file my_file.cif (mmCIF, C-alpha atoms and all ligand atoms)
data_run
#
loop_
_atom_site.label_atom_id
_atom_site.label_comp_id
_atom_site.auth_asym_id
_atom_site.auth_seq_id
_atom_site.Cartn_x
_atom_site.Cartn_y
_atom_site.Cartn_z
CA MET X 1 112.36 74.22 81.12
CA SER X 2 109.82 73.28 78.47
CA VAL X 3 106.04 73.12 78.39
CA THR X 4 104.67 69.62 79.11
CA GLU X 5 102.45 68.00 76.47
CA ASP X 6 99.50 68.16 78.87
CA ASN X 7 99.95 71.91 79.44
CA LYS X 8 100.50 72.46 75.71
CA ALA X 9 97.12 70.85 75.02
CA ARG X 10 95.44 73.13 77.62
CA LEU X 11 97.12 76.19 76.16
CA ILE X 12 96.06 75.31 72.62
CA MET X 13 92.44 74.92 73.78
CA VAL X 14 92.53 78.31 75.51
CA LEU X 15 94.04 80.00 72.45
CA ARG X 16 91.54 78.38 70.10
CA ALA X 17 88.63 79.51 72.31
CA ALA X 18 90.04 83.07 72.25
CA GLY X 19 90.25 83.05 68.46
CA VAL X 20 94.03 82.88 68.20
CA THR X 21 94.56 81.07 64.90
CA GLU X 22 97.96 82.29 63.63
CA THR X 23 100.28 79.29 63.91
CA ASN X 24 103.38 81.41 64.60
CA VAL X 25 101.65 82.97 67.62
CA VAL X 26 100.51 79.57 68.92
CA SER X 27 104.02 78.12 68.46
CA ALA X 28 105.65 81.07 70.23
CA MET X 29 103.30 80.65 73.19
CA GLU X 30 103.94 76.91 73.27
CA ALA X 31 107.65 77.69 73.50
CA VAL X 32 107.39 79.96 76.57
CA PRO X 33 106.84 78.07 79.86
CA ARG X 34 104.17 80.22 81.55
CA GLU X 35 104.70 78.50 84.91
CA MET X 36 108.04 80.38 85.14
CA PHE X 37 106.12 83.66 85.14
CA VAL X 38 103.46 83.04 87.79
CA PRO X 39 103.93 82.97 91.57
CA SER X 40 104.66 79.40 92.68
CA ILE X 41 101.38 79.08 94.61
CA PHE X 42 99.49 79.56 91.34
CA ARG X 43 101.67 77.25 89.27
CA ASP X 44 98.86 74.72 88.76
CA LYS X 45 96.81 77.57 87.24
CA ALA X 46 99.56 78.71 84.85
CA TYR X 47 97.70 77.39 81.79
CA ASP X 48 94.17 78.38 82.83
CA ASP X 49 92.75 81.40 81.01
CA VAL X 50 92.84 83.63 84.09
CA THR X 51 94.78 86.71 85.19
CA LEU X 52 97.00 86.02 88.22
CA PRO X 53 98.40 88.48 90.81
CA ILE X 54 102.15 89.15 90.56
CA GLY X 55 102.59 91.68 93.44
CA HIS X 56 102.57 95.51 93.41
CA HIS X 57 98.81 95.34 92.61
CA GLN X 58 99.67 94.05 89.15
CA THR X 59 98.59 90.97 87.25
CA VAL X 60 99.97 88.76 84.49
CA SER X 61 97.53 88.88 81.58
CA GLN X 62 95.52 85.77 80.79
CA PRO X 63 96.98 83.64 77.97
CA GLY X 64 93.97 84.21 75.70
CA ILE X 65 94.49 87.99 75.84
CA VAL X 66 98.26 87.68 75.33
CA GLY X 67 97.45 85.58 72.24
CA ILE X 68 94.86 88.04 70.90
CA MET X 69 97.11 91.07 71.39
CA THR X 70 100.16 89.32 69.92
CA GLN X 71 98.16 88.17 66.91
CA ALA X 72 96.76 91.69 66.39
CA LEU X 73 100.34 93.00 66.06
CA GLU X 74 100.93 91.01 62.83
CA LEU X 75 104.58 90.46 63.78
CA THR X 76 107.46 89.36 61.60
CA ASP X 77 111.07 88.58 62.51
CA ARG X 78 112.15 91.93 61.03
CA HIS X 79 110.16 94.00 63.51
CA LYS X 80 111.49 96.28 66.23
CA VAL X 81 108.88 96.29 68.99
CA LEU X 82 108.22 98.56 71.97
CA GLU X 83 106.37 97.05 74.92
CA VAL X 84 104.99 99.27 77.69
CA GLY X 85 104.39 97.36 80.96
CA THR X 86 106.88 94.47 81.20
CA GLY X 87 105.18 93.02 84.29
CA THR X 88 106.43 89.44 84.64
CA GLY X 89 108.01 89.47 81.18
CA TYR X 90 105.66 86.77 79.87
CA GLN X 91 104.33 88.87 77.00
CA THR X 92 107.90 90.09 76.42
CA ALA X 93 109.14 86.51 76.01
CA VAL X 94 106.35 85.70 73.53
CA LEU X 95 107.20 88.84 71.51
CA ALA X 96 110.92 87.98 71.61
CA LYS X 97 110.16 84.66 69.90
CA LEU X 98 108.42 86.45 67.02
CA CYS X 99 110.32 89.66 66.27
CA ARG X 100 113.84 91.02 65.80
CA ARG X 101 114.13 93.02 69.02
CA VAL X 102 111.89 93.97 71.94
CA TYR X 103 112.37 97.19 73.91
CA THR X 104 110.35 96.88 77.10
CA ILE X 105 109.63 99.46 79.83
CA GLU X 106 108.30 98.83 83.35
CA ARG X 107 107.72 101.40 86.09
CA HIS X 108 108.09 98.93 89.01
CA LYS X 109 111.81 98.20 89.31
CA PRO X 110 111.45 95.01 91.40
CA LEU X 111 109.05 93.56 88.82
CA LEU X 112 111.45 94.50 86.02
CA GLU X 113 114.39 92.84 87.80
CA GLU X 114 112.45 89.59 88.17
CA ALA X 115 111.37 89.77 84.53
CA GLU X 116 115.01 90.30 83.46
CA GLN X 117 116.04 87.15 85.33
CA ARG X 118 113.38 85.07 83.57
CA ILE X 119 114.30 86.51 80.16
CA GLN X 120 117.95 85.65 80.83
CA ALA X 121 117.10 82.14 82.01
CA LEU X 122 115.23 81.61 78.74
CA ARG X 123 118.27 82.92 76.80
CA LEU X 124 116.22 85.52 74.95
CA HIS X 125 119.04 87.79 73.82
CA ASN X 126 116.90 90.16 71.75
CA VAL X 127 115.25 91.93 74.70
CA VAL X 128 116.32 95.37 75.98
CA THR X 129 114.77 96.56 79.25
CA LYS X 130 114.32 99.92 80.95
CA ALA X 131 112.79 101.03 84.25
CA GLY X 132 110.66 104.13 83.86
CA ASP X 133 107.50 105.71 82.54
CA GLY X 134 106.45 103.95 79.38
CA THR X 135 103.84 106.59 78.54
CA LEU X 136 106.84 108.60 77.28
CA GLY X 137 107.86 105.76 74.99
CA TRP X 138 111.54 105.28 74.15
CA PRO X 139 112.44 108.31 71.98
CA GLU X 140 116.11 107.25 71.52
CA GLN X 141 114.98 104.01 69.88
CA ALA X 142 111.95 105.31 67.95
CA PRO X 143 110.44 104.74 65.48
CA PHE X 144 109.08 101.26 66.19
CA ASP X 145 107.44 98.87 63.74
CA ARG X 146 105.12 97.70 66.48
CA ILE X 147 104.06 98.98 69.92
CA ILE X 148 102.13 97.01 72.53
CA VAL X 149 100.79 98.51 75.73
CA THR X 150 99.85 95.94 78.36
CA ALA X 151 98.12 98.29 80.82
CA ALA X 152 94.92 100.21 80.06
CA ALA X 153 95.28 103.79 78.82
CA ALA X 154 92.51 106.41 79.11
CA ASP X 155 92.88 107.10 75.41
CA ILE X 156 95.23 106.21 72.56
CA PRO X 157 98.56 107.54 73.95
CA PRO X 158 99.60 110.29 71.48
CA ILE X 159 103.31 110.17 72.39
CA LEU X 160 103.41 106.44 71.64
CA ALA X 161 101.46 106.88 68.39
CA GLY X 162 104.12 109.43 67.45
CA GLN X 163 106.83 106.78 67.86
CA LEU X 164 105.17 104.40 65.42
CA ARG X 165 106.89 103.90 62.10
CA GLU X 166 105.00 104.59 58.87
CA GLY X 167 102.95 101.43 58.27
CA GLY X 168 103.34 100.49 61.95
CA ILE X 169 100.77 98.99 64.32
CA MET X 170 100.12 99.69 68.01
CA VAL X 171 97.89 97.47 70.15
CA VAL X 172 96.59 99.07 73.34
CA PRO X 173 93.75 98.47 75.81
CA VAL X 174 91.81 101.74 76.04
CA GLY X 175 89.46 102.94 78.80
CA HIS X 176 90.05 103.56 82.52
CA ASP X 177 86.81 102.00 83.74
CA PRO X 178 87.79 98.35 84.42
CA ALA X 179 84.38 97.24 83.17
CA GLU X 180 84.76 99.05 79.87
CA GLN X 181 88.11 98.49 78.24
CA THR X 182 88.64 97.66 74.62
CA ILE X 183 91.74 96.36 72.86
CA VAL X 184 92.37 98.84 70.08
CA ARG X 185 94.61 98.37 67.05
CA VAL X 186 96.12 101.63 65.87
CA ARG X 187 97.73 101.95 62.44
CA ASN X 188 99.98 104.68 61.12
CA GLU X 189 99.16 104.79 57.41
CA ASP X 190 100.61 107.63 55.36
CA GLY X 191 100.93 109.66 58.54
CA GLU X 192 97.25 109.10 59.37
CA ILE X 193 96.40 107.39 62.65
CA THR X 194 93.44 105.04 62.38
CA ALA X 195 91.98 102.92 65.19
CA GLU X 196 89.96 99.73 65.15
CA GLU X 197 88.39 97.93 68.13
CA ILE X 198 89.43 94.31 68.57
CA ARG X 199 87.92 93.03 71.83
CA ASP X 200 86.47 94.17 75.18
CA VAL X 201 88.75 93.33 78.07
CA ARG X 202 89.93 94.19 81.62
CA PHE X 203 93.43 95.50 82.40
CA VAL X 204 95.16 97.21 85.31
CA PRO X 205 95.62 100.95 84.54
CA LEU X 206 98.63 102.55 82.89
CA ILE X 207 100.04 104.97 85.48
CA PRO X 208 102.24 107.94 84.50
CA GLU X 209 105.27 108.55 86.77
CA LYS X 210 103.53 111.31 88.73
CA GLY X 211 100.59 108.98 89.41
CA GLU X 212 99.91 106.73 92.39
CA ASP X 213 98.73 103.16 92.67
N1 LIG X 301 102.40 92.06 80.09
C1 LIG X 301 102.61 91.76 81.49
C2 LIG X 301 101.45 92.14 82.37
C3 LIG X 301 101.32 93.56 82.46
S1 LIG X 301 100.48 94.18 83.87
C4 LIG X 301 102.93 90.31 81.67
O1 LIG X 301 102.90 89.56 80.67
O2 LIG X 301 103.23 89.92 82.78
C5 LIG X 301 100.75 95.89 83.47
C6 LIG X 301 102.14 96.38 83.81
O3 LIG X 301 102.24 97.71 83.33
C7 LIG X 301 102.42 96.40 85.29
O4 LIG X 301 103.58 95.69 85.58
C8 LIG X 301 102.56 97.90 85.59
O5 LIG X 301 103.51 98.17 86.61
C9 LIG X 301 103.03 98.43 84.26
N2 LIG X 301 102.81 99.86 84.06
C10 LIG X 301 101.71 100.62 84.35
N3 LIG X 301 101.91 101.89 83.97
C11 LIG X 301 103.14 101.94 83.40
C12 LIG X 301 103.92 102.99 82.83
N4 LIG X 301 103.46 104.23 82.72
N5 LIG X 301 105.15 102.70 82.37
C13 LIG X 301 105.64 101.44 82.44
N6 LIG X 301 104.96 100.40 82.99
C14 LIG X 301 103.73 100.66 83.47
#
call {"tool": "encode", "arguments": {"input": "my_file.cif", "output": "structure tokens", "more": "lines below"}}
Ligand code: SAH
result
Amino acid sequence: MSVTEDNKARLIMVLRAAGVTETNVVSAMEAVPREMFVPSIFRDKAYDDVTLPIGHHQTVSQPGIVGIMTQALELTDRHKVLEVGTGTGYQTAVLAKLCRRVYTIERHKPLLEEAEQRIQALRLHNVVTKAGDGTLGWPEQAPFDRIIVTAAAADIPPILAGQLREGGIMVVPVGHDPAEQTIVRVRNEDGEITAEEIRDVRFVPLIPEKGED
């Protein structure tokens, strides 16, 4: 399945409006058919800049936000990336096009299984998946060059920051109030963690295993 020219044009407009200018990010997003990741009743909205429900009270992030967060990661094809919150696997697929390997964790097993099927169908062989609590990170595979969290955390998750390689970057939406979330870029420079705000945004919350939704 490939993205039609018409949809590609819509996607490029959305990304441009969001300020996504890196050509490698735009190309990666052009190469991932978003209609595969949205429920069939919303397929005609797959390239609109909107979040769409995917079941289990979760949503697939809007393409503009996926673009902004991916761009903020400053990825190269040498990077080992941790993603927390696989959801549909759309962001995972975009990451897989841009880095060496993606380790992705999702707490909802049925969502993860569907995501795995899509990843397989797209023949993305550099994705490793795990069902579980992503707030704990993936200690066996740490450190990571890059970490992306696709659900809002109350604060910069310290365990994840601890799994960031020296010189690494983590991008995470911070703030539990849906009206007040900010995409934050965290850097580990000489063992110092610094944070910079990128954009205000809305995300579903990151829920630790003991939590409820
Ligand atoms: N990036 C996804 C959308 C993510 S929605 C996409 O492109 O489709 C946020 C996801 O984070 C949801 O699927 C939710 O179940 C998951 N999530 C929330 N808390 C989590 C946790 N502690 N560990 C792993 N996944 C979590």
call {"tool": "residues_near_ligand", "arguments": {"input": "my_file.cif", "ligand": "ligand LIG 301 (chain X)", "cutoff": "6 Å", "atoms": "only C-alpha atoms and all ligand atoms", "output": "list in words"}}
result
Gln58, Thr59, Val60, Ser61, Val84, Gly85, Thr86, Gly87, Thr88, Gly89, Tyr90, Gln91, Ile105, Glu106, Arg107, His108, Gly132, Asp133, Gly134, Thr135, Thr150, Ala151, Leu206, Ile207 and Pro208 of chain X
call {"tool": "residues_around", "arguments": {"input": "my_file.cif", "residues": "Val186 in chain X", "least_positions_apart": "5", "cutoff": "6 Å", "atoms": "only C-alpha atoms", "output": "count of residues only"}}
result
4
call {"tool": "closest_residue", "arguments": {"input": "my_file.cif", "among": "X:Ala153, X:Ile148, X:Ile159, X:Leu136", "to": "Met69 in chain X", "atoms": "only C-alpha atoms"}}
result
X:Ile148
call {"tool": "closest_residue", "arguments": {"input": "my_file.cif", "among": "X:Arg185, X:Lys97, X:Thr4, X:Leu52", "to": "Ser27 in chain X", "atoms": "all atoms listed in the file"}}
result
X:Lys97
call {"tool": "closest_residue", "arguments": {"input": "my_file.cif", "among": "X:Val14, X:Ala72, X:Val171, X:Ala161", "to": "Asn188 in chain X", "atoms": "only C-alpha atoms"}}
result
X:Ala161
call {"tool": "closest_residue", "arguments": {"input": "my_file.cif", "among": "X:Tyr47, X:Trp138, X:Phe42, X:Phe203", "to": "Glu30 in chain X", "atoms": "only C-alpha atoms"}}
result
X:Tyr47
call {"tool": "closest_residue", "arguments": {"input": "my_file.cif", "among": "X:Ala9, X:Val174, X:Val102, X:Leu164", "to": "Ile193 in chain X", "atoms": "only C-alpha atoms"}}
result
X:Leu164
call {"tool": "closest_residue", "arguments": {"input": "my_file.cif", "among": "X:Glu114, X:Asp190, X:Glu83, X:Glu35", "to": "Pro63 in chain X", "atoms": "all atoms listed in the file"}}
result
X:Glu35
call {"tool": "residues_around", "arguments": {"input": "my_file.cif", "residues": "Pro178 in chain X", "least_positions_apart": "3", "cutoff": "9 Å", "atoms": "only C-alpha atoms", "output": "JSON, numbers by chain"}}
result
{"X": [152, 175, 181, 201, 202, 203, 204, 205]}
call {"tool": "write_last_selection", "arguments": {"input": "my_file.cif", "atoms": "C-alpha atoms", "output": "PDB file, in the coordinates of the input"}}
result
ATOM      1  CA  ALA X 152      94.920 100.210  80.060  1.00  0.00           C
ATOM      2  CA  GLY X 175      89.460 102.940  78.800  1.00  0.00           C
ATOM      3  CA  GLN X 181      88.110  98.490  78.240  1.00  0.00           C
ATOM      4  CA  VAL X 201      88.750  93.330  78.070  1.00  0.00           C
ATOM      5  CA  ARG X 202      89.930  94.190  81.620  1.00  0.00           C
ATOM      6  CA  PHE X 203      93.430  95.500  82.400  1.00  0.00           C
ATOM      7  CA  VAL X 204      95.160  97.210  85.310  1.00  0.00           C
ATOM      8  CA  PRO X 205      95.620 100.950  84.540  1.00  0.00           C
TER       9      PRO X 205
END
call {"tool": "atom_distance", "arguments": {"input": "my_file.cif", "atom1": "CA of Arg165 in chain X", "atom2": "CA of Leu98 in chain X"}}
result
18.2 Å
call {"tool": "atom_distance", "arguments": {"input": "my_file.cif", "atom1": "CA of Ile41 in chain X", "atom2": "CA of Pro53 in chain X"}}
result
10.6 Å
call {"tool": "atom_distance", "arguments": {"input": "my_file.cif", "atom1": "CA of Lys8 in chain X", "atom2": "CA of Thr51 in chain X"}}
result
18.0 Å
call {"tool": "axis_aligned_box", "arguments": {"input": "my_file.cif", "around": "range 6-15 of chain X", "padding_each_side": "3 Å", "output": "JSON"}}
result
{"center_x": 96.5, "center_y": 74.1, "center_z": 75.9, "size_x": 14.1, "size_y": 17.8, "size_z": 13.0}
call {"tool": "residues_around", "arguments": {"input": "my_file.cif", "residues": "Glu166 in chain X", "least_positions_apart": "6", "cutoff": "10 Å", "atoms": "all atoms listed in the file", "output": "list in words"}}
result
Pro143, Phe144, Asp145, Arg187, Asn188, Glu189, Asp190, Gly191, Glu192 and Ile193 of chain X
call {"tool": "decode", "arguments": {"input": "my_file.cif", "residues": "range 28-54 of chain X", "atoms": "N, CA and C atoms", "output": "mmCIF file, in the first residue's frame"}}
result
data_model
loop_
_atom_site.group_PDB
_atom_site.id
_atom_site.type_symbol
_atom_site.label_atom_id
_atom_site.label_comp_id
_atom_site.auth_asym_id
_atom_site.auth_seq_id
_atom_site.Cartn_x
_atom_site.Cartn_y
_atom_site.Cartn_z
ATOM 1 N N ALA X 28 9.814 10.345 5.349
ATOM 2 C CA ALA X 28 9.430 9.167 6.133
ATOM 3 C C ALA X 28 7.913 9.121 6.296
ATOM 4 N N MET X 29 7.314 10.292 6.537
ATOM 5 C CA MET X 29 5.864 10.323 6.739
ATOM 6 C C MET X 29 5.113 10.088 5.430
ATOM 7 N N GLU X 30 5.713 10.507 4.331
ATOM 8 C CA GLU X 30 5.107 10.217 3.018
ATOM 9 C C GLU X 30 5.134 8.719 2.724
ATOM 10 N N ALA X 31 6.097 8.029 3.325
ATOM 11 C CA ALA X 31 6.285 6.611 3.018
ATOM 12 C C ALA X 31 5.431 5.691 3.902
ATOM 13 N N VAL X 32 4.742 6.259 4.899
ATOM 14 C CA VAL X 32 3.919 5.423 5.786
ATOM 15 C C VAL X 32 2.437 5.718 5.527
ATOM 16 N N PRO X 33 1.700 4.764 4.974
ATOM 17 C CA PRO X 33 0.284 5.001 4.659
ATOM 18 C C PRO X 33 -0.557 5.106 5.929
ATOM 19 N N ARG X 34 -0.924 6.337 6.305
ATOM 20 C CA ARG X 34 -1.616 6.556 7.585
ATOM 21 C C ARG X 34 -2.999 5.900 7.603
ATOM 22 N N GLU X 35 -3.598 5.707 6.422
ATOM 23 C CA GLU X 35 -4.932 5.097 6.402
ATOM 24 C C GLU X 35 -4.918 3.669 6.966
ATOM 25 N N MET X 36 -3.740 3.022 6.963
ATOM 26 C CA MET X 36 -3.618 1.674 7.542
ATOM 27 C C MET X 36 -3.746 1.697 9.051
ATOM 28 N N PHE X 37 -3.572 2.881 9.651
ATOM 29 C CA PHE X 37 -3.465 2.981 11.105
ATOM 30 C C PHE X 37 -4.715 3.561 11.753
ATOM 31 N N VAL X 38 -5.683 3.971 10.945
ATOM 32 C CA VAL X 38 -6.893 4.564 11.529
ATOM 33 C C VAL X 38 -8.071 3.616 11.303
ATOM 34 N N PRO X 39 -9.057 3.629 12.210
ATOM 35 C CA PRO X 39 -10.227 2.771 12.019
ATOM 36 C C PRO X 39 -10.873 3.068 10.663
ATOM 37 N N SER X 40 -11.402 2.021 10.011
ATOM 38 C CA SER X 40 -11.854 2.196 8.623
ATOM 39 C C SER X 40 -12.906 3.296 8.466
ATOM 40 N N ILE X 41 -13.743 3.517 9.503
ATOM 41 C CA ILE X 41 -14.755 4.568 9.352
ATOM 42 C C ILE X 41 -14.145 5.973 9.284
ATOM 43 N N PHE X 42 -12.909 6.105 9.700
ATOM 44 C CA PHE X 42 -12.253 7.425 9.647
ATOM 45 C C PHE X 42 -11.241 7.522 8.505
ATOM 46 N N ARG X 43 -11.271 6.547 7.597
ATOM 47 C CA ARG X 43 -10.199 6.483 6.599
ATOM 48 C C ARG X 43 -10.118 7.764 5.745
ATOM 49 N N ASP X 44 -11.273 8.382 5.493
ATOM 50 C CA ASP X 44 -11.238 9.610 4.678
ATOM 51 C C ASP X 44 -10.633 10.785 5.457
ATOM 52 N N LYS X 45 -10.448 10.592 6.768
ATOM 53 C CA LYS X 45 -9.841 11.657 7.592
ATOM 54 C C LYS X 45 -8.378 11.362 7.909
ATOM 55 N N ALA X 46 -7.843 10.297 7.312
ATOM 56 C CA ALA X 46 -6.498 9.828 7.687
ATOM 57 C C ALA X 46 -5.442 10.904 7.504
ATOM 58 N N TYR X 47 -5.630 11.811 6.553
ATOM 59 C CA TYR X 47 -4.605 12.827 6.286
ATOM 60 C C TYR X 47 -5.008 14.216 6.780
ATOM 61 N N ASP X 48 -6.120 14.291 7.533
ATOM 62 C CA ASP X 48 -6.463 15.571 8.167
ATOM 63 C C ASP X 48 -5.626 15.694 9.444
ATOM 64 N N ASP X 49 -5.383 16.936 9.868
ATOM 65 C CA ASP X 49 -4.540 17.117 11.057
ATOM 66 C C ASP X 49 -5.386 17.018 12.316
ATOM 67 N N VAL X 50 -5.942 15.825 12.547
ATOM 68 C CA VAL X 50 -6.800 15.614 13.719
ATOM 69 C C VAL X 50 -6.376 14.321 14.422
ATOM 70 N N THR X 51 -6.650 14.260 15.750
ATOM 71 C CA THR X 51 -6.456 12.993 16.456
ATOM 72 C C THR X 51 -7.696 12.143 16.200
ATOM 73 N N LEU X 52 -7.529 10.837 16.108
ATOM 74 C CA LEU X 52 -8.671 9.952 15.844
ATOM 75 C C LEU X 52 -8.702 8.841 16.901
ATOM 76 N N PRO X 53 -9.924 8.434 17.336
ATOM 77 C CA PRO X 53 -10.013 7.381 18.361
ATOM 78 C C PRO X 53 -9.580 6.020 17.795
ATOM 79 N N ILE X 54 -8.889 5.236 18.632
ATOM 80 C CA ILE X 54 -8.411 3.922 18.169
ATOM 81 C C ILE X 54 -8.877 2.806 19.109
#
